[in-house]
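> The structure that follows is given in the form of structure tokens.
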Amino acid sequence: MGSKKIISGIFRNQIFIPIAALVILALFNLAADPSFFKISFGYNSVGNPVLSGYLITILDYGSELAILAIGMTFVTAASGGQDISVGAAIAIAGSVMLRVLCGHNSRPEVLQAPIIVAFLVGCIVAMLFGAFNGVLVAYFRIQPMVATLILYTAGRSIAAWINNNELPIISQPSFGYFGGFIPGVPIPTPFFIAVACMIVTFLVLKFTTLGLYTQSVGINESSSRLNGLSPTFIKFLSFVLLGLCVAVAGLIKVSRLSTINYSVIAKDIEMDAILAVALGGNALSGGKFNMASSILGAYVIQFLTTTLYKFNVQSDALPAYKAIVVIILVVMSAPAVREKLSSISNKFKNKETKGVSM
């Protein structure tokens, strides 16, 4: 009976879902092509040591998705909805950073401002747009997906307008470190940035009541109000926090190429961020959440994306495969399905109990 309780506890643990998905993907790639797990050590074009391989790619691109998943988890938990404008918001934040760095010259030989200043300006702008979404959702009570559809539609045009429809290019090598490699460090920089974001997030959740308040509002808004909380402010704050995560992801995105393509940058990344939250076992209707599960879910989503690319799946077809995963997760997390599975599980337990008593 003790072993059964342990196994039952493992299956009920929220983080079991992304771990199971990770194991399935790993076993599939191991059977299909063991070289998928090969990591090579080499040097880049400027002679710095770097690690390369599919696992490094997952670590690299999964890190920026993990940063977004942190903010998306707060929004989902508090509002019971999702922000579909994060890709467009990344384009805006990245465009603002490049504008500050380039000034009036889209091809500057020398940066017109320190990188930290450009990043802080990008953070402020991204948080303002997050606040715009938050006001629509929290104060005007517009459904999150509908509210963020405004920025989703207009965001990339705004990003292009910020730089007068030009494609600014940064020639300063140090700017590329944030989306690439720091000289002498063979591990991609986005991983370290993601780790820093994770540490800050877990410290905030541990030493403040933000996580408790967010879950309380998501579970029962009326009850949380009666207990002295402000649901409107908590929802508003969650969108502002997502804006901060968007700014960090925006820095990584524009740093990778030291330029920006307004129509392509962070395309469909909002779907990956939402899927990461869902894969983490978090209810898309809001309420209780597990941040570690969301972060692990982000890396699993990147694992899936890299696997699909490995087997030459066209980029245009990727959303279709991910949509199937979304459908499965949403159906499995539906209350009716969970009740049905729970009743089936109880029936088996009752049968086992009767068998033991006989």
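Each chain in the structure tokens gets a letter, A, B and so on, in the order shown; residues start at 1 in every chain, and ligands are counted from 1 in the order they appear.
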I need the alpha helix (DSSP H) residues of region 25-98 of chain A per DSSP on the backbone, written as a ChimeraX atom specification.

/A:25-32,54-79,86-98

> Any chance you could export the current selection's C-alpha atoms as a PDB file, in the first residue's frame?


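What follows is the written file again_21.pdb:
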```
ATOM      1  CA  LEU A  25      10.662  13.206 -26.186  1.00  0.00           C
ATOM      2  CA  ALA A  26      14.063  12.048 -24.934  1.00  0.00           C
ATOM      3  CA  LEU A  27      13.236   8.364 -25.505  1.00  0.00           C
ATOM      4  CA  PHE A  28      11.847   9.123 -28.963  1.00  0.00           C
ATOM      5  CA  ASN A  29      15.014  10.948 -30.023  1.00  0.00           C
ATOM      6  CA  LEU A  30      17.213   8.319 -28.429  1.00  0.00           C
ATOM      7  CA  ALA A  31      15.488   5.616 -30.480  1.00  0.00           C
ATOM      8  CA  ALA A  32      15.305   7.633 -33.705  1.00  0.00           C
ATOM      9  CA  TYR A  54      20.707  20.117 -30.299  1.00  0.00           C
ATOM     10  CA  LEU A  55      20.722  20.132 -26.493  1.00  0.00           C
ATOM     11  CA  ILE A  56      22.574  23.451 -26.475  1.00  0.00           C
ATOM     12  CA  THR A  57      19.997  24.847 -28.900  1.00  0.00           C
ATOM     13  CA  ILE A  58      17.231  23.760 -26.515  1.00  0.00           C
ATOM     14  CA  LEU A  59      19.065  25.380 -23.618  1.00  0.00           C
ATOM     15  CA  ASP A  60      19.602  28.554 -25.645  1.00  0.00           C
ATOM     16  CA  TYR A  61      16.200  29.218 -27.199  1.00  0.00           C
ATOM     17  CA  GLY A  62      14.281  27.533 -24.392  1.00  0.00           C
ATOM     18  CA  SER A  63      15.702  30.080 -21.954  1.00  0.00           C
ATOM     19  CA  GLU A  64      14.016  33.071 -23.564  1.00  0.00           C
ATOM     20  CA  LEU A  65      10.774  31.090 -23.656  1.00  0.00           C
ATOM     21  CA  ALA A  66      11.199  30.238 -19.954  1.00  0.00           C
ATOM     22  CA  ILE A  67      11.473  33.962 -19.169  1.00  0.00           C
ATOM     23  CA  LEU A  68       8.200  34.610 -20.975  1.00  0.00           C
ATOM     24  CA  ALA A  69       6.572  31.625 -19.272  1.00  0.00           C
ATOM     25  CA  ILE A  70       7.244  33.260 -15.893  1.00  0.00           C
ATOM     26  CA  GLY A  71       5.227  36.343 -16.830  1.00  0.00           C
ATOM     27  CA  MET A  72       2.549  34.350 -18.655  1.00  0.00           C
ATOM     28  CA  THR A  73       2.054  32.176 -15.556  1.00  0.00           C
ATOM     29  CA  PHE A  74       1.269  35.240 -13.430  1.00  0.00           C
ATOM     30  CA  VAL A  75      -1.172  36.569 -16.043  1.00  0.00           C
ATOM     31  CA  THR A  76      -2.909  33.211 -16.461  1.00  0.00           C
ATOM     32  CA  ALA A  77      -3.183  32.594 -12.728  1.00  0.00           C
ATOM     33  CA  ALA A  78      -4.540  36.055 -11.900  1.00  0.00           C
ATOM     34  CA  SER A  79      -6.810  36.779 -14.872  1.00  0.00           C
ATOM     35  CA  VAL A  86       3.818  39.110 -26.276  1.00  0.00           C
ATOM     36  CA  GLY A  87       5.385  38.552 -29.711  1.00  0.00           C
ATOM     37  CA  ALA A  88       4.345  42.016 -30.884  1.00  0.00           C
ATOM     38  CA  ALA A  89       5.423  43.486 -27.536  1.00  0.00           C
ATOM     39  CA  ILE A  90       8.874  41.917 -27.958  1.00  0.00           C
ATOM     40  CA  ALA A  91       9.108  43.603 -31.365  1.00  0.00           C
ATOM     41  CA  ILE A  92       8.249  46.963 -29.759  1.00  0.00           C
ATOM     42  CA  ALA A  93      10.695  46.528 -26.865  1.00  0.00           C
ATOM     43  CA  GLY A  94      13.491  45.431 -29.211  1.00  0.00           C
ATOM     44  CA  SER A  95      12.791  48.295 -31.591  1.00  0.00           C
ATOM     45  CA  VAL A  96      12.933  50.808 -28.735  1.00  0.00           C
ATOM     46  CA  MET A  97      16.280  49.437 -27.532  1.00  0.00           C
ATOM     47  CA  LEU A  98      17.758  49.678 -31.023  1.00  0.00           C
TER      48      LEU A  98
END
```

> Show me, as a PyMOL selection string, the residues that have an atom within 12 Å of Ile182 (chain A) when counting only C-alpha atoms, minus same-chain residues fewer than 3 positions from it.

chain A and resi 44+46-50+173-179+185-193

> Which residues are close to Ser40 (chain A), i.e. within 9 Å by only C-alpha atoms, leaving aside same-chain residues fewer than 6 positions away? Reply as a ChimeraX atom specification.

/A:50-53

> Could the residues in this selection be saved with N, CA and C atoms as a PDB file, in the first residue's frame?


```
ATOM      1  N   VAL A  50      32.924  27.601 -27.769  1.00  0.00           N
ATOM      2  CA  VAL A  50      31.465  27.470 -27.665  1.00  0.00           C
ATOM      3  C   VAL A  50      31.081  26.002 -27.700  1.00  0.00           C
ATOM      4  N   LEU A  51      29.968  25.691 -27.072  1.00  0.00           N
ATOM      5  CA  LEU A  51      29.381  24.366 -27.148  1.00  0.00           C
ATOM      6  C   LEU A  51      28.260  24.395 -28.181  1.00  0.00           C
ATOM      7  N   SER A  52      28.122  23.311 -28.917  1.00  0.00           N
ATOM      8  CA  SER A  52      27.077  23.258 -29.939  1.00  0.00           C
ATOM      9  C   SER A  52      26.420  21.886 -29.939  1.00  0.00           C
ATOM     10  N   GLY A  53      25.218  21.840 -30.458  1.00  0.00           N
ATOM     11  CA  GLY A  53      24.451  20.605 -30.505  1.00  0.00           C
ATOM     12  C   GLY A  53      22.990  20.901 -30.258  1.00  0.00           C
TER      13      GLY A  53
END
```

> Restricting the calculation to only C-alpha atoms, which member of A:Ile169, A:Ile39, A:Leu128, A:Val137 is positioned closest to Ser255 (chain A)?

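Distance minimum relative to Ser255 (chain A) lands on A:Ile169.
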
> Smallest atom-to-atom distance to Phe289 (chain A): which of A:Ser216, A:Ser45, A:Asn105, A:Asn261, using only C-alpha atoms?

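Among the listed residues, the smallest separation from Phe289 (chain A) belongs to A:Ser216.
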
> Using CA of Ala118 (chain A) and CA of Leu237 (chain A) as the two end points, give the distance in Å to one decimal.

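CA of Leu237 (chain A) lies 23.0 Å from CA of Ala118 (chain A).
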
> With distances taken over only C-alpha atoms, which of A:Val313, A:Ile84, A:Leu205, A:Leu136 is nearest to Leu149 (chain A)?

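When distances to Leu149 (chain A) are compared using only C-alpha atoms, the smallest one comes from A:Ile84.
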
> In Å to one decimal, how far is CA of Phe132 (chain A) from CA of Thr214 (chain A)?

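So the two atoms, CA of Thr214 (chain A) and CA of Phe132 (chain A), lie 19.0 Å apart.
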
> Could you please write out, as a list of chain:residue names, every residue of region 34-168 of chain A that DSSP assigns to strand (DSSP E)?

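Here are the strand (DSSP E) residues of region 34-168 of chain A: A:Ser40, A:Phe41, A:Gly42, A:Tyr43, A:Pro49, A:Val50, A:Leu51, A:Ser52.
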
> Those residues with C-alpha atoms, as a compact mmCIF listing (two decimals), in the first residue's frame please?


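So part-v5.txt came out as:
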```txt
# COMPACT_ATOMS: atom_id res chain seq x y z
CA SER A 40 30.45 19.35 -29.52
CA PHE A 41 33.11 21.75 -28.33
CA GLY A 42 34.51 24.21 -30.84
CA TYR A 43 35.25 27.83 -31.60
CA PRO A 49 35.10 28.56 -27.26
CA VAL A 50 31.47 27.47 -27.67
CA LEU A 51 29.38 24.37 -27.15
CA SER A 52 27.08 23.26 -29.94
```

> Give the answer as one residue: which of A:Ala283, A:Val277, A:Val254, A:Ile162 has the shortest atom-to-atom distance to Gln215 (chain A), using only C-alpha atoms?

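Of A:Ala283, A:Val277, A:Val254, A:Ile162, the one nearest Gln215 (chain A) is A:Ala283, counting only C-alpha atoms.
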